[in-house]
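A.B. asks: Structure file coords_7.cif, mmCIF, C-alpha atoms, is pasted below:
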data_data
#
loop_
_atom_site.label_atom_id
_atom_site.label_comp_id
_atom_site.auth_asym_id
_atom_site.auth_seq_id
_atom_site.Cartn_x
_atom_site.Cartn_y
_atom_site.Cartn_z
CA MET A 1077 -22.79 14.15 16.49
CA ASN A 1078 -20.75 16.05 13.87
CA ASN A 1079 -20.20 14.83 10.32
CA MET A 1080 -16.68 13.55 10.97
CA LYS A 1081 -17.86 11.34 13.83
CA LYS A 1082 -20.71 10.05 11.66
CA ILE A 1083 -18.26 9.14 8.90
CA MET A 1084 -15.96 7.31 11.31
CA LEU A 1085 -18.86 5.49 12.97
CA LEU A 1086 -20.35 4.40 9.65
CA ALA A 1087 -16.95 3.21 8.43
CA SER A 1088 -16.39 1.28 11.67
CA ILE A 1089 -19.75 -0.48 11.35
CA LEU A 1090 -19.06 -1.34 7.71
CA TYR A 1091 -15.53 -2.57 8.40
CA PHE A 1092 -16.39 -4.71 11.40
CA THR A 1093 -19.24 -6.26 9.42
CA ILE A 1094 -17.18 -7.10 6.33
CA ALA A 1095 -13.84 -8.04 7.90
CA PRO A 1096 -14.89 -11.27 9.71
CA LEU A 1097 -16.73 -12.56 6.64
CA THR A 1098 -13.89 -12.20 4.12
CA TYR A 1099 -10.59 -14.01 3.94
CA HIS A 1100 -7.22 -13.90 2.24
CA PRO A 1101 -4.36 -16.25 3.19
CA ASP A 1102 -1.71 -13.49 3.19
CA THR A 1103 -3.14 -11.96 6.37
CA LYS A 1104 -2.74 -15.26 8.18
CA LEU A 1105 0.65 -15.98 6.63
CA THR A 1106 2.32 -12.76 7.80
CA LEU A 1107 1.19 -13.46 11.37
CA TYR A 1108 2.56 -16.99 11.14
CA TYR A 1109 6.17 -15.79 11.10
CA PRO A 1110 6.18 -14.15 14.56
CA THR A 1111 4.85 -17.39 16.08
CA LEU A 1112 7.95 -19.34 15.06
CA GLY A 1113 10.55 -20.47 17.59
CA ASN A 1114 8.21 -20.31 20.59
CA GLU A 1115 7.67 -16.66 19.70
CA LYS A 1116 11.18 -15.76 20.94
CA VAL A 1117 12.73 -15.33 17.50
CA TRP A 1118 13.62 -11.77 16.49
CA ASN A 1119 15.86 -12.63 13.53
CA ILE A 1120 13.35 -14.38 11.31
CA TYR A 1121 15.76 -14.59 8.38
CA LYS A 1122 18.33 -16.59 10.33
CA TYR A 1123 15.62 -18.81 11.81
CA LEU A 1124 14.14 -19.68 8.40
CA HIS A 1125 17.63 -20.26 7.01
CA GLU A 1126 18.58 -22.67 9.80
CA ASN A 1127 15.22 -24.41 10.23
CA LYS A 1128 13.28 -26.19 7.52
CA ASP A 1129 9.87 -24.63 7.07
CA ASP A 1130 7.19 -24.88 4.39
CA ALA A 1131 6.50 -21.15 4.52
CA PRO A 1132 8.08 -18.94 1.84
CA PRO A 1133 10.97 -16.65 2.81
CA PHE A 1134 10.09 -13.50 4.72
CA HIS A 1135 10.60 -10.83 2.06
CA TYR A 1136 9.88 -7.75 4.18
CA PRO A 1137 12.43 -5.57 6.05
CA PRO A 1138 13.27 -6.38 9.72
CA MET A 1139 11.09 -3.57 11.12
CA HIS A 1140 8.08 -5.20 9.50
CA PHE A 1141 8.72 -8.41 11.40
CA TRP A 1142 9.25 -6.55 14.69
CA VAL A 1143 5.93 -4.74 14.24
CA LEU A 1144 4.25 -8.11 13.65
CA LYS A 1145 5.83 -9.37 16.88
CA VAL A 1146 4.22 -6.48 18.75
CA GLU A 1147 0.95 -7.01 16.89
CA LEU A 1148 0.72 -10.73 17.72
CA PRO A 1149 -0.26 -10.38 21.43
CA ILE A 1150 -3.16 -8.13 20.41
CA VAL A 1151 -4.30 -10.70 17.85
CA LYS A 1152 -4.02 -13.51 20.43
CA LEU A 1153 -5.98 -11.47 22.97
CA ILE A 1154 -8.92 -11.20 20.56
CA GLY A 1155 -8.64 -14.59 18.87
CA GLY A 1156 -7.52 -16.74 21.82
CA LYS A 1157 -4.69 -19.26 22.01
CA GLY A 1158 -6.06 -21.34 19.16
CA ILE A 1159 -5.24 -18.63 16.66
CA VAL A 1160 -1.54 -19.50 16.76
CA GLU A 1161 -2.28 -23.04 15.58
CA TRP A 1162 -4.68 -21.63 13.01
CA THR A 1163 -1.90 -19.56 11.41
CA ARG A 1164 -0.04 -22.83 10.80
CA ILE A 1165 -2.86 -24.38 8.77
CA GLY A 1166 -2.51 -24.20 4.99
CA GLY A 1167 -4.07 -21.14 3.41
CA SER A 1168 -6.37 -23.28 1.23
CA ARG A 1169 -7.90 -24.96 4.32
CA ALA A 1170 -7.79 -22.31 7.05
CA TYR A 1171 -11.13 -20.77 6.08
CA LEU A 1172 -12.87 -24.04 7.11
CA SER A 1173 -12.10 -23.43 10.80
CA GLU A 1174 -15.10 -23.29 13.16
CA LYS A 1175 -13.73 -20.04 14.59
CA MET A 1176 -13.02 -18.54 11.19
CA TYR A 1177 -15.00 -15.34 11.78
CA LEU A 1178 -13.31 -14.66 15.10
CA TYR A 1179 -9.83 -15.38 13.71
CA ASN A 1180 -10.51 -13.20 10.68
CA LEU A 1181 -11.52 -10.28 12.87
CA ALA A 1182 -8.57 -10.78 15.21
CA THR A 1183 -5.96 -10.81 12.44
CA LYS A 1184 -7.47 -7.81 10.69
CA LEU A 1185 -8.19 -5.72 13.78
CA PRO A 1186 -4.84 -3.82 13.88
CA ILE A 1187 -5.20 -3.08 10.16
CA LEU A 1188 -8.76 -1.80 10.57
CA ILE A 1189 -7.71 0.48 13.40
CA LEU A 1190 -4.89 1.93 11.30
CA VAL A 1191 -7.27 2.51 8.36
CA LEU A 1192 -9.63 4.46 10.61
CA LEU A 1193 -6.78 6.42 12.19
CA SER A 1194 -5.44 7.20 8.72
CA GLY A 1195 -8.84 8.65 7.81
CA TRP A 1196 -8.66 10.89 10.85
CA LEU A 1197 -5.12 11.97 9.86
CA ILE A 1198 -6.20 12.74 6.28
CA ASN A 1199 -8.98 14.91 7.68
CA LYS A 1200 -6.50 16.83 9.85
CA ILE A 1201 -3.99 17.23 7.00
CA VAL A 1202 -6.61 18.77 4.69
CA ILE A 1203 -7.78 21.14 7.47
CA ARG A 1204 -4.16 22.10 8.14
CA ASP A 1205 -3.92 22.98 4.44
CA GLY A 1206 -6.56 25.66 4.98
CA PHE A 1207 -9.59 23.92 3.50
CA PRO A 1208 -12.97 23.91 5.27
CA LYS A 1209 -14.14 20.95 7.34
CA ARG A 1210 -16.57 19.82 4.64
CA VAL A 1211 -13.65 19.29 2.24
CA ALA A 1212 -11.62 17.53 4.93
CA ASN A 1213 -14.58 15.30 5.75
CA ARG A 1214 -14.96 14.51 2.06
CA ALA A 1215 -11.30 13.47 1.86
CA CYS A 1216 -11.73 11.22 4.88
CA ALA A 1217 -14.88 9.67 3.41
CA ILE A 1218 -13.21 9.02 0.04
CA TRP A 1219 -10.35 7.26 1.82
CA LEU A 1220 -12.60 5.18 4.05
CA PHE A 1221 -15.29 4.19 1.55
CA ASN A 1222 -13.56 3.95 -1.82
CA PRO A 1223 -13.49 0.40 -3.27
CA ILE A 1224 -9.67 0.24 -3.27
CA THR A 1225 -9.36 0.77 0.49
CA ILE A 1226 -12.21 -1.60 1.26
CA TYR A 1227 -10.86 -4.30 -1.07
CA SER A 1228 -7.23 -4.16 0.02
CA ALA A 1229 -7.40 -3.29 3.72
CA VAL A 1230 -10.81 -4.53 4.89
CA VAL A 1231 -11.60 -7.49 2.65
CA MET A 1232 -8.04 -8.75 2.12
CA GLY A 1233 -6.49 -7.38 5.32
CA GLN A 1234 -3.25 -6.37 3.60
CA ASN A 1235 -0.64 -5.04 6.01
CA ASP A 1236 0.46 -2.13 3.82
CA MET A 1237 -1.28 0.00 6.44
CA LEU A 1238 1.61 -0.71 8.82
CA ALA A 1239 3.75 1.49 6.55
CA ILE A 1240 1.12 3.94 5.30
CA PHE A 1241 0.04 5.15 8.73
CA PRO A 1242 3.47 6.31 10.00
CA PHE A 1243 4.06 7.98 6.64
CA LEU A 1244 0.78 9.92 6.91
CA LEU A 1245 1.69 10.85 10.47
CA GLY A 1246 4.98 12.24 9.18
CA LEU A 1247 3.17 14.07 6.38
CA TYR A 1248 1.09 15.89 9.00
CA TRP A 1249 4.35 17.34 10.41
CA TYR A 1250 5.96 17.96 7.00
CA TYR A 1251 6.00 21.76 7.23
CA SER A 1252 6.06 22.40 10.96
CA ARG A 1253 8.51 19.71 12.14
CA PRO A 1254 10.30 18.40 9.04
CA TYR A 1255 13.03 16.44 10.83
CA LEU A 1256 10.43 14.50 12.82
CA ALA A 1257 8.40 14.04 9.64
CA PHE A 1258 11.28 12.49 7.75
CA MET A 1259 12.15 10.20 10.65
CA LEU A 1260 8.57 8.94 10.46
CA PHE A 1261 8.95 8.56 6.69
CA GLY A 1262 12.00 6.42 7.43
CA LEU A 1263 9.99 4.34 9.89
CA GLY A 1264 7.33 3.70 7.25
CA GLY A 1265 10.01 2.81 4.71
CA SER A 1266 11.64 0.45 7.21
CA ILE A 1267 8.38 -1.51 7.41
CA LYS A 1268 7.77 -1.65 3.66
CA SER A 1269 10.33 -0.13 1.35
CA TYR A 1270 8.11 1.79 -1.08
CA PRO A 1271 7.55 4.88 1.19
CA LEU A 1272 11.27 5.55 0.75
CA ILE A 1273 10.50 6.59 -2.84
CA TRP A 1274 7.91 9.05 -1.53
CA ALA A 1275 10.35 10.33 1.10
CA ILE A 1276 13.12 10.97 -1.45
CA ILE A 1277 10.72 12.97 -3.64
CA LEU A 1278 9.42 14.99 -0.67
CA GLY A 1279 12.95 15.69 0.52
CA LEU A 1280 14.13 17.03 -2.84
CA ILE A 1281 11.04 19.21 -3.41
CA TYR A 1282 10.89 20.51 0.18
CA PRO A 1283 10.04 24.27 0.09
CA THR A 1284 13.35 25.78 1.17
CA ARG A 1285 16.07 27.74 -0.60
CA VAL A 1286 18.70 26.04 1.56
CA PHE A 1287 19.87 23.19 -0.65
CA TRP A 1288 21.74 21.33 2.09
CA LYS A 1289 18.51 21.09 4.09
CA LYS A 1290 16.87 19.24 1.19
CA ILE A 1291 19.81 16.82 1.15
CA VAL A 1292 19.71 16.29 4.93
CA LEU A 1293 15.95 15.66 4.87
CA THR A 1294 16.38 13.18 2.02
CA ILE A 1295 19.12 11.33 3.89
CA ILE A 1296 17.21 11.01 7.20
CA PRO A 1297 14.69 8.31 6.08
CA LEU A 1298 17.44 6.44 4.22
CA PHE A 1299 19.57 6.52 7.36
CA VAL A 1300 16.69 5.22 9.50
CA TYR A 1301 16.14 2.46 6.96
CA PHE A 1302 19.86 1.59 6.94
CA LEU A 1303 20.05 1.44 10.73
CA THR A 1304 17.29 -1.19 10.84
CA MET A 1305 18.92 -3.20 8.05
CA VAL A 1306 22.63 -3.06 8.94
CA PRO A 1307 22.66 -5.95 11.48
CA PHE A 1308 21.37 -8.28 8.74
CA LEU A 1309 23.40 -7.18 5.72
CA LYS A 1310 26.11 -9.72 6.52
CA TYR A 1311 23.76 -12.57 5.65
CA ASP A 1312 23.68 -13.61 1.99
CA TYR A 1313 20.18 -15.04 2.34
CA PHE A 1314 18.94 -11.69 3.70
CA ILE A 1315 20.36 -9.85 0.69
CA LYS A 1316 18.67 -12.34 -1.63
CA ASP A 1317 15.28 -12.55 0.10
CA VAL A 1318 14.83 -8.90 1.13
CA VAL A 1319 17.18 -6.44 -0.56
CA PHE A 1320 16.79 -7.93 -4.04
CA SER A 1321 13.15 -8.94 -3.96
CA GLY A 1322 9.73 -7.45 -4.57
CA LEU A 1323 9.25 -3.85 -5.64
CA SER A 1324 12.89 -2.94 -5.04
CA ILE A 1325 13.77 -4.96 -8.16
CA ARG A 1326 10.47 -4.89 -10.00
CA ILE A 1327 10.63 -1.17 -10.75
CA PHE A 1328 13.76 -1.85 -12.83
CA GLU A 1329 12.14 -4.52 -15.03
CA GLY A 1330 10.20 -2.24 -17.38
CA VAL A 1331 12.69 -1.17 -20.07
CA TRP A 1332 12.89 0.60 -23.40
CA ASP A 1333 15.56 -0.96 -25.58
CA ILE A 1334 17.62 1.73 -27.37
CA GLY A 1335 20.00 -0.70 -29.05
CA PHE A 1336 23.54 -2.00 -28.60
CA GLY A 1337 22.60 -3.54 -25.26
CA ASP A 1338 21.54 -0.22 -23.72
CA LYS A 1339 18.13 0.10 -22.11
CA LEU A 1340 16.19 2.89 -20.49
CA LEU A 1341 14.57 1.95 -17.18
CA LEU A 1342 11.03 3.28 -17.61
CA VAL A 1343 9.91 3.71 -14.00
CA PRO A 1344 13.08 5.45 -12.74
CA MET A 1345 13.02 7.64 -15.88
CA LEU A 1346 9.38 8.67 -15.34
CA LEU A 1347 9.94 9.26 -11.62
CA MET A 1348 12.93 11.47 -12.43
CA LEU A 1349 10.79 13.42 -14.88
CA LEU A 1350 8.09 13.84 -12.23
CA LEU A 1351 10.70 14.97 -9.70
CA LEU A 1352 12.19 17.57 -12.05
CA VAL A 1353 8.76 18.92 -12.96
CA SER A 1354 7.77 19.08 -9.29
CA ILE A 1355 10.94 21.01 -8.43
CA LYS A 1356 10.46 23.37 -11.37
CA LYS A 1357 6.78 23.96 -10.56
CA ARG A 1358 7.51 24.17 -6.79
CA MET A 1359 4.82 21.61 -6.09
CA SER A 1360 5.38 21.51 -2.35
CA LYS A 1361 3.63 24.66 -1.23
CA SER A 1362 0.53 22.84 -0.04
CA PHE A 1363 -0.57 19.37 0.96
CA TRP A 1364 -2.82 18.94 -2.07
CA GLN A 1365 0.13 19.63 -4.35
CA ILE A 1366 2.18 17.05 -2.44
CA ALA A 1367 -0.72 14.59 -2.64
CA THR A 1368 -0.86 15.10 -6.42
CA VAL A 1369 2.86 14.39 -6.77
CA LEU A 1370 2.76 11.27 -4.57
CA MET A 1371 -0.37 9.92 -6.23
CA THR A 1372 1.25 10.41 -9.64
CA ALA A 1373 4.45 8.71 -8.47
CA ASN A 1374 2.50 5.67 -7.31
CA LEU A 1375 0.46 5.54 -10.51
CA LEU A 1376 3.68 5.60 -12.55
CA ILE A 1377 5.15 2.76 -10.50
CA LEU A 1378 2.03 0.63 -10.69
CA GLY A 1379 1.26 1.55 -14.28
CA PHE A 1380 4.64 0.47 -15.61
CA THR A 1381 5.33 -2.62 -13.50
CA HIS A 1382 3.64 -5.95 -12.89
CA PHE A 1383 1.63 -5.32 -9.74
CA HIS A 1384 -0.62 -7.16 -7.33
CA PRO A 1385 -4.09 -5.51 -7.27
CA GLN A 1386 -4.02 -4.92 -3.51
CA TRP A 1387 -1.00 -2.64 -3.96
CA PHE A 1388 -3.33 0.04 -5.29
CA ILE A 1389 -3.99 1.07 -1.72
CA TRP A 1390 -0.69 2.97 -2.07
CA ILE A 1391 -2.43 5.64 -4.15
CA ALA A 1392 -5.59 5.79 -2.02
CA PRO A 1393 -4.58 8.23 0.79
CA PHE A 1394 -3.19 10.78 -1.66
CA MET A 1395 -5.98 10.20 -4.15
CA SER A 1396 -8.54 10.98 -1.45
CA MET A 1397 -7.00 14.42 -0.86
CA VAL A 1398 -6.73 15.19 -4.58
CA MET A 1399 -10.31 14.15 -5.30
CA ALA A 1400 -11.75 15.95 -2.26
CA VAL A 1401 -10.08 19.23 -3.12
CA GLY A 1402 -10.80 19.03 -6.84
CA ARG A 1403 -14.12 19.25 -8.64
CA ARG A 1404 -16.34 16.18 -8.75
CA LYS A 1405 -16.67 16.37 -12.53
CA ASP A 1406 -12.89 15.80 -12.62
CA TRP A 1407 -13.22 12.36 -10.99
CA TRP A 1408 -13.78 10.58 -14.32
CA TRP A 1409 -10.22 9.21 -14.39
CA PHE A 1410 -10.95 7.21 -11.22
CA ALA A 1411 -13.61 5.22 -13.12
CA PHE A 1412 -10.92 4.08 -15.58
CA ILE A 1413 -8.76 2.99 -12.63
CA LEU A 1414 -11.56 0.95 -11.04
CA ILE A 1415 -12.65 -0.72 -14.28
CA SER A 1416 -9.07 -1.56 -15.26
CA LEU A 1417 -8.22 -2.78 -11.78
CA LEU A 1418 -11.28 -5.05 -11.79
CA GLY A 1419 -10.11 -6.49 -15.10
CA VAL A 1420 -6.63 -7.18 -13.72
CA ILE A 1421 -8.12 -8.87 -10.64
CA LEU A 1422 -10.34 -11.15 -12.70
CA MET A 1423 -7.48 -12.06 -15.07
CA PHE A 1424 -5.14 -12.94 -12.19
CA ASN A 1425 -4.45 -16.65 -11.70
CA ASP A 1426 -5.39 -16.49 -8.03
CA LYS A 1427 -8.87 -17.46 -6.86
CA PHE A 1428 -8.23 -15.82 -3.49
CA LEU A 1429 -8.42 -12.43 -5.20
CA TYR A 1430 -12.13 -12.94 -5.87
CA TRP A 1431 -13.90 -16.32 -5.25
CA GLY A 1432 -11.72 -17.11 -2.26
CA LEU A 1433 -12.42 -13.81 -0.54
CA VAL A 1434 -15.87 -15.02 0.51
CA ALA A 1435 -14.80 -18.62 1.19
CA PRO A 1436 -15.82 -18.38 4.89
CA LEU A 1437 -19.41 -17.72 3.76
CA LYS A 1438 -19.52 -20.18 0.87
CA PRO A 1439 -16.57 -22.64 0.91
CA ASP A 1440 -17.71 -24.36 -2.30
CA LEU A 1441 -16.99 -21.20 -4.30
CA ILE A 1442 -13.29 -21.98 -4.15
CA ASN A 1443 -13.97 -24.96 -6.42
CA LEU A 1444 -15.11 -22.70 -9.24
CA PRO A 1445 -12.62 -22.34 -12.10
CA LEU A 1446 -10.58 -19.20 -12.62
CA VAL A 1447 -12.37 -16.44 -14.50
CA SER A 1448 -9.50 -16.41 -16.99
CA GLU A 1449 -10.11 -20.14 -17.63
CA LEU A 1450 -13.83 -19.59 -18.18
CA LEU A 1451 -13.14 -16.82 -20.68
CA ALA A 1452 -10.40 -18.78 -22.45
CA ARG A 1453 -12.79 -21.72 -22.99
CA ARG A 1454 -15.07 -19.33 -24.84
CA GLY A 1455 -12.31 -18.14 -27.11
CA VAL A 1456 -11.64 -14.85 -25.34
CA GLU A 1457 -8.05 -13.59 -25.56
CA VAL A 1458 -7.36 -13.29 -21.82
CA GLY A 1459 -3.84 -11.94 -22.25
CA LEU A 1460 -5.12 -9.12 -24.43
CA ILE A 1461 -7.71 -8.09 -21.81
CA ASN A 1462 -5.08 -8.11 -19.11
CA ASN A 1463 -2.69 -6.05 -21.21
CA LEU A 1464 -5.41 -3.55 -22.11
CA CYS A 1465 -6.21 -3.06 -18.42
CA HIS A 1466 -2.55 -2.52 -17.57
CA SER A 1467 -2.21 -0.12 -20.49
CA ALA A 1468 -5.23 1.90 -19.34
CA ILE A 1469 -3.69 2.29 -15.88
CA ALA A 1470 -0.38 3.36 -17.45
CA GLY A 1471 -2.33 5.88 -19.54
CA VAL A 1472 -3.94 7.38 -16.44
CA ALA A 1473 -0.49 7.60 -14.85
CA LEU A 1474 0.84 9.55 -17.87
CA TYR A 1475 -2.24 11.77 -17.77
CA TRP A 1476 -1.43 12.79 -14.21
CA LEU A 1477 2.20 13.34 -15.15
CA PHE A 1478 1.01 15.77 -17.82
CA VAL A 1479 -1.29 17.42 -15.27
CA CYS A 1480 1.81 18.14 -13.19
CA PHE A 1481 3.32 19.78 -16.30
CA GLY A 1482 0.33 22.14 -16.49
CA LYS A 1483 -0.52 25.29 -14.62
CA ASN A 1484 0.00 25.15 -10.88
CA ARG A 1485 -3.68 25.52 -10.17
CA VAL A 1486 -4.87 26.64 -6.75
CA TYR A 1487 -8.29 25.39 -5.72
CA LYS A 1488 -10.72 27.64 -3.90
CA LYS A 1489 -10.69 27.17 -0.17
#
Please render this file's structure as structure tokens.
C.D. replies:
Amino acid sequence: MNNMKKIMLLASILYFTIAPLTYHPDTKLTLYYPTLGNEKVWNIYKYLHENKDDAPPFHYPPMHFWVLKVELPIVKLIGGKGIVEWTRIGGSRAYLSEKMYLYNLATKLPILILVLLSGWLINKIVIRDGFPKRVANRACAIWLFNPITIYSAVVMGQNDMLAIFPFLLGLYWYYSRPYLAFMLFGLGGSIKSYPLIWAIILGLIYPTRVFWKKIVLTIIPLFVYFLTMVPFLKYDYFIKDVVFSGLSIRIFEGVWDIGFGDKLLLVPMLLMLLLLVSIKKRMSKSFWQIATVLMTANLLILGFTHFHPQWFIWIAPFMSMVMAVGRRKDWWWFAFILISLLGVILMFNDKFLYWGLVAPLKPDLINLPLVSELLARRGVEVGLINNLCHSAIAGVALYWLFVCFGKNRVYKK
């Protein structure tokens, strides 16, 4: 058995051991929506608008819901018919089910498969970049075993993988079949909008002297995204719940007031700076350069906005390539990310980000107070800790922006 197979086997064993034992209500909630209306509803926005339901609005694009509709039969096959009723139980009680471990595994199974397939893709992308198998295997291992991937995808079961996988598939074809690649970027962006930011950057830095080709490539994912959205744009509630919600608005909230009512939008400004530097430095000649740009873009977004900790999986696939290709003594910045991210998690007013994750094993843990409450009772300035952690992450993001300003270093292959 070669090293790659050993890595995949070990990751599979670890994942299928952890996944049934850990729980987060978001995994169950997203699979609740495709069960509505006797499972015949394809316009979830109209259904929720016309039918009273205790669930929050569905904030994701239409393609996300359609993927969940396809995913549901697989989940039901593993979990059985009772899993549909289980998705309708309140998130604070669902972990008490007698079949909790089976339902947990069933709802996370598609995500786990995509995580493993993404590891295989990362391996192939690094090999395609001309690096030896040992480097490619290292990239795969960093992706599969780093705490961010395990926390977000395996423990929490976050469905960001539904968008990350098609994007990585497109990245594999970036140089050889760019039009196919950017259609896949559009597919990923149609599931969750944030890959559209990556696609725009990759289109404008694409290594070609033909400017119109850059523009066409940039337009393709936006066009795919628009095609999936256009049937719903006539609904006011869709515009409110999807177009103007989540990250699409959050990246405009960080501002720098320059007086007289004028403000600089920090994230768009920093992303523009990164884009201009990447074009100037021609940082699209290799996959590791692209990975550096995309990792930096994600760090800038997360570092200068209010984020949910599980969103850090956005940086993980690109981070794995950067770290695998670079020198191990240069990994020190990742320690700052992990420590700061842990601080943000513990300061969050959501028990299901830590105590609640192991509620299936020890239900009484959910009755423990928030960590922020425990610290506040002892006179600790919780807000200061939280702000310091966010500031550290923003600092790492600026560090990588300055790295992009530096020499266009080529690692030994």
A.B. asks: Residues of segment 1240-1292 of chain A that approach segment 1173-1191 of chain A to 10 Å or less, counting all atoms listed in the file: could you list each one with the shortest pair of atoms and its distance in Å to one decimal, rows by chain and increasing residue number, as JSON lines?
C.D. replies:
{"residue": "A:Ile1240", "atom": "CA", "partner": "A:Leu1190", "partner_atom": "CA", "distance": 8.7}
{"residue": "A:Phe1241", "atom": "CA", "partner": "A:Leu1190", "partner_atom": "CA", "distance": 6.4}
{"residue": "A:Pro1242", "atom": "CA", "partner": "A:Leu1190", "partner_atom": "CA", "distance": 9.5}
A.B. asks: Show me, as a PDB file with C-alpha atoms, keeping the file's coordinate frame, the residues that have an atom within 10 Å of Gly1167 of chain A when counting all atoms listed in the file, minus same-chain residues fewer than 5 positions from it.
C.D. replies:
ATOM      1  CA  TYR A1099     -10.590 -14.010   3.940  1.00  0.00           C
ATOM      2  CA  HIS A1100      -7.220 -13.900   2.240  1.00  0.00           C
ATOM      3  CA  PRO A1101      -4.360 -16.250   3.190  1.00  0.00           C
ATOM      4  CA  ASP A1102      -1.710 -13.490   3.190  1.00  0.00           C
ATOM      5  CA  THR A1103      -3.140 -11.960   6.370  1.00  0.00           C
ATOM      6  CA  LYS A1104      -2.740 -15.260   8.180  1.00  0.00           C
ATOM      7  CA  LEU A1105       0.650 -15.980   6.630  1.00  0.00           C
ATOM      8  CA  TRP A1162      -4.680 -21.630  13.010  1.00  0.00           C
ATOM      9  CA  LEU A1172     -12.870 -24.040   7.110  1.00  0.00           C
ATOM     10  CA  PHE A1428      -8.230 -15.820  -3.490  1.00  0.00           C
TER      11      PHE A1428
END
A.B. asks: Which residues, written as a count of residues only, have at least one atom at most 12 Å from Asn1079 of chain A, with all atoms listed in the file counted and residues fewer than 5 positions away on the same chain left out?
C.D. replies: 12
A.B. asks: Kindly give the distance, in Å, that separates atom CA of Ile1226 of chain A and atom CA of Gly1459 of chain A, rounded to a single decimal.
C.D. replies: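 So the two atoms, atom CA of Ile1226 of chain A and atom CA of Gly1459 of chain A, lie 27.0 Å apart.
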A.B. asks: Convert the output of the PyMOL selection byres ((chain A and resi 1386) around 8) on the shown file into explicit residues, formatted as a ChimeraX atom specification.
C.D. replies: /A:1224,1227-1228,1232,1234,1384-1385,1387-1389
A.B. asks: Neighbouring residues of Phe1481 of chain A were defined as those with any atom within 9 Å, considering all atoms listed in the file; residues of the same chain fewer than 6 positions away were excluded. Please report them as a ChimeraX atom specification.
C.D. replies: /A:1350,1353-1354,1357
A.B. asks: Go ahead and dump the residues you just picked, C-alpha atoms, as a PDB file, in the coordinates of the input.
C.D. replies:
ATOM      1  CA  LEU A1350       8.090  13.840 -12.230  1.00  0.00           C
ATOM      2  CA  VAL A1353       8.760  18.920 -12.960  1.00  0.00           C
ATOM      3  CA  SER A1354       7.770  19.080  -9.290  1.00  0.00           C
ATOM      4  CA  LYS A1357       6.780  23.960 -10.560  1.00  0.00           C
TER       5      LYS A1357
END
A.B. asks: Using the file's own x, y and z axes, what box holds all listed atoms of segment 1324-1338 of chain A with 3 Å on each side, keeping edges along x, y and z, and what are its centre and edge lengths in Å to one decimal, as lines of an AutoDock Vina configuration file?
C.D. replies:
center_x = 16.9
center_y = -1.6
center_z = -17.0
size_x = 19.3
size_y = 12.7
size_z = 30.0
A.B. asks: Excluding segment 1121-1128 of chain A and its own-chain neighbours fewer than 6 positions away, which residues fall within 10 Å of it when counting only C-alpha atoms? Please give them as number ranges by chain.
C.D. replies: A: 1109, 1112-1113, 1134-1138, 1141, 1308, 1311, 1313-1314, 1317-1318
A.B. asks: Keeping C-alpha atoms for every residue in the selection just given, could you write it to a file as a compact mmCIF listing (two decimals), keeping the file's coordinate frame?
C.D. replies:
# COMPACT_ATOMS: atom_id res chain seq x y z
CA TYR A 1109 6.17 -15.79 11.10
CA LEU A 1112 7.95 -19.34 15.06
CA GLY A 1113 10.55 -20.47 17.59
CA PHE A 1134 10.09 -13.50 4.72
CA HIS A 1135 10.60 -10.83 2.06
CA TYR A 1136 9.88 -7.75 4.18
CA PRO A 1137 12.43 -5.57 6.05
CA PRO A 1138 13.27 -6.38 9.72
CA PHE A 1141 8.72 -8.41 11.40
CA PHE A 1308 21.37 -8.28 8.74
CA TYR A 1311 23.76 -12.57 5.65
CA TYR A 1313 20.18 -15.04 2.34
CA PHE A 1314 18.94 -11.69 3.70
CA ASP A 1317 15.28 -12.55 0.10
CA VAL A 1318 14.83 -8.90 1.13
A.B. asks: Evaluated on this file, the PyMOL selection byres ((chain A and resi 1359) around 12) picks out some residues - which ones are they, written as number ranges by chain?
C.D. replies: A: 1277-1278, 1280-1284, 1350-1358, 1360-1370, 1479-1486
